[in-house]
Amino acid sequence: MEMPPSTNLREKILDVATDLFYREGIHAVGVDRIVKESGVAKMTLYNHFDSKDTLIAEALKRHGEQWRADFVASVEKKAKAPWDKILAVFDTLEAWFDGKEFRGCAFINAAVELADTRHAGRKISADHMKHIRDYLASLTQEAGFKRSGELAGQLQLLVQGAIVAAVIEGSSDSARRARKVAATILENA
């Protein structure tokens with residue numbers, strides 16, 4: 001889910017920051033590193049982003065928009081029937097986990113790293129999780145389930161658990177296991 005490099009300096013800084021924050025962690029990457037790798041002056045970075053915290057928030061927001069668009073497109077490509085789309089969520093996760101760039105969820109990672117609950121990055125992470133839950137609710141509604149909100153919450157826990165397990169285990173097996181649990185939940189809903 002990589003973005004093409006940009007010629008716009010603001011976008012170039014965001015490209016580099018988004019990539020580094022995801023690959024190495026928010027606290028592990030300083031402004032000097034972002035400046036060096038983006039090939040801009042520090043003043044240029046601060047002309048576009050008034051602080052590292054602002055850059056973190058913008059990078060997370062941008063990453064979330066792109067990730068969700070790619071995720072939904074993958075689910076929609078893998079399945080057409082409503083029930084199958086729900087299970088395709090886990091097939092999409094499995095493919096993501098198998099990717100060489102996979103390092104977990106940028107938003108779970110950010111929520112862990114950003115201890116201050118008032119940090120804009122924490123709010124963006126929470127918003128991302130709400131978008132995922134809303135997407136799952138739309139899939140369960142489309143499939144005709146009555147308690148779609150409750151079901152979406154259960155499926156979201158499976159998604160998040162599978163992501164964390166994939167990072168810890170270094171394997172995509174968790175996506176397959178979560179898919180089986182999801183199928184059982186759907187059969188009993």
# chains A, B, ... in the order shown; residues from 1 in each chain; ligands from 1
>>> residues_around(residues="Glu94 (chain A)", least_positions_apart="6", cutoff="8 Å", atoms="only C-alpha atoms", output="list in words")
Ser172, Asp173, Ser174, Ala175 and Arg176 of chain A
>>> residues_around(residues="region 51-60 of chain A", least_positions_apart="3", cutoff="12 Å", atoms="only C-alpha atoms", output="MDAnalysis selection string")
chainID A and resid 10:22 25:27 29:35 42:48 63:68 105:111 113:114 116 118:128
>>> residues_around(residues="Tyr135 (chain A)", least_positions_apart="5", cutoff="9 Å", atoms="only C-alpha atoms", output="ChimeraX atom specification")
/A:72,130,140,152
>>> closest_residue(among="A:Phe102, A:Ala182, A:Ala166, A:Phe49", to="Gly153 (chain A)", atoms="only C-alpha atoms")
A:Ala182
>>> select_by_dssp(residues="region 24-116 of chain A", states="alpha helix (DSSP H)", output="ChimeraX atom specification")
/A:24,31-38,42-48,52-78,82-98,106-113
>>> residues_around(residues="Leu87 (chain A)", least_positions_apart="5", cutoff="9 Å", atoms="only C-alpha atoms", output="list in words")
Val75, Ala79, Thr92, Arg179, Lys180, Ala182 and Ala183 of chain A
>>> atom_distance(atom1="CA of Ile132 (chain A)", atom2="CA of Trp83 (chain A)")
16.8 Å
>>> closest_residue(among="A:Ala178, A:Leu9, A:Leu93, A:Ile86", to="Gln141 (chain A)", atoms="only C-alpha atoms")
A:Ile86
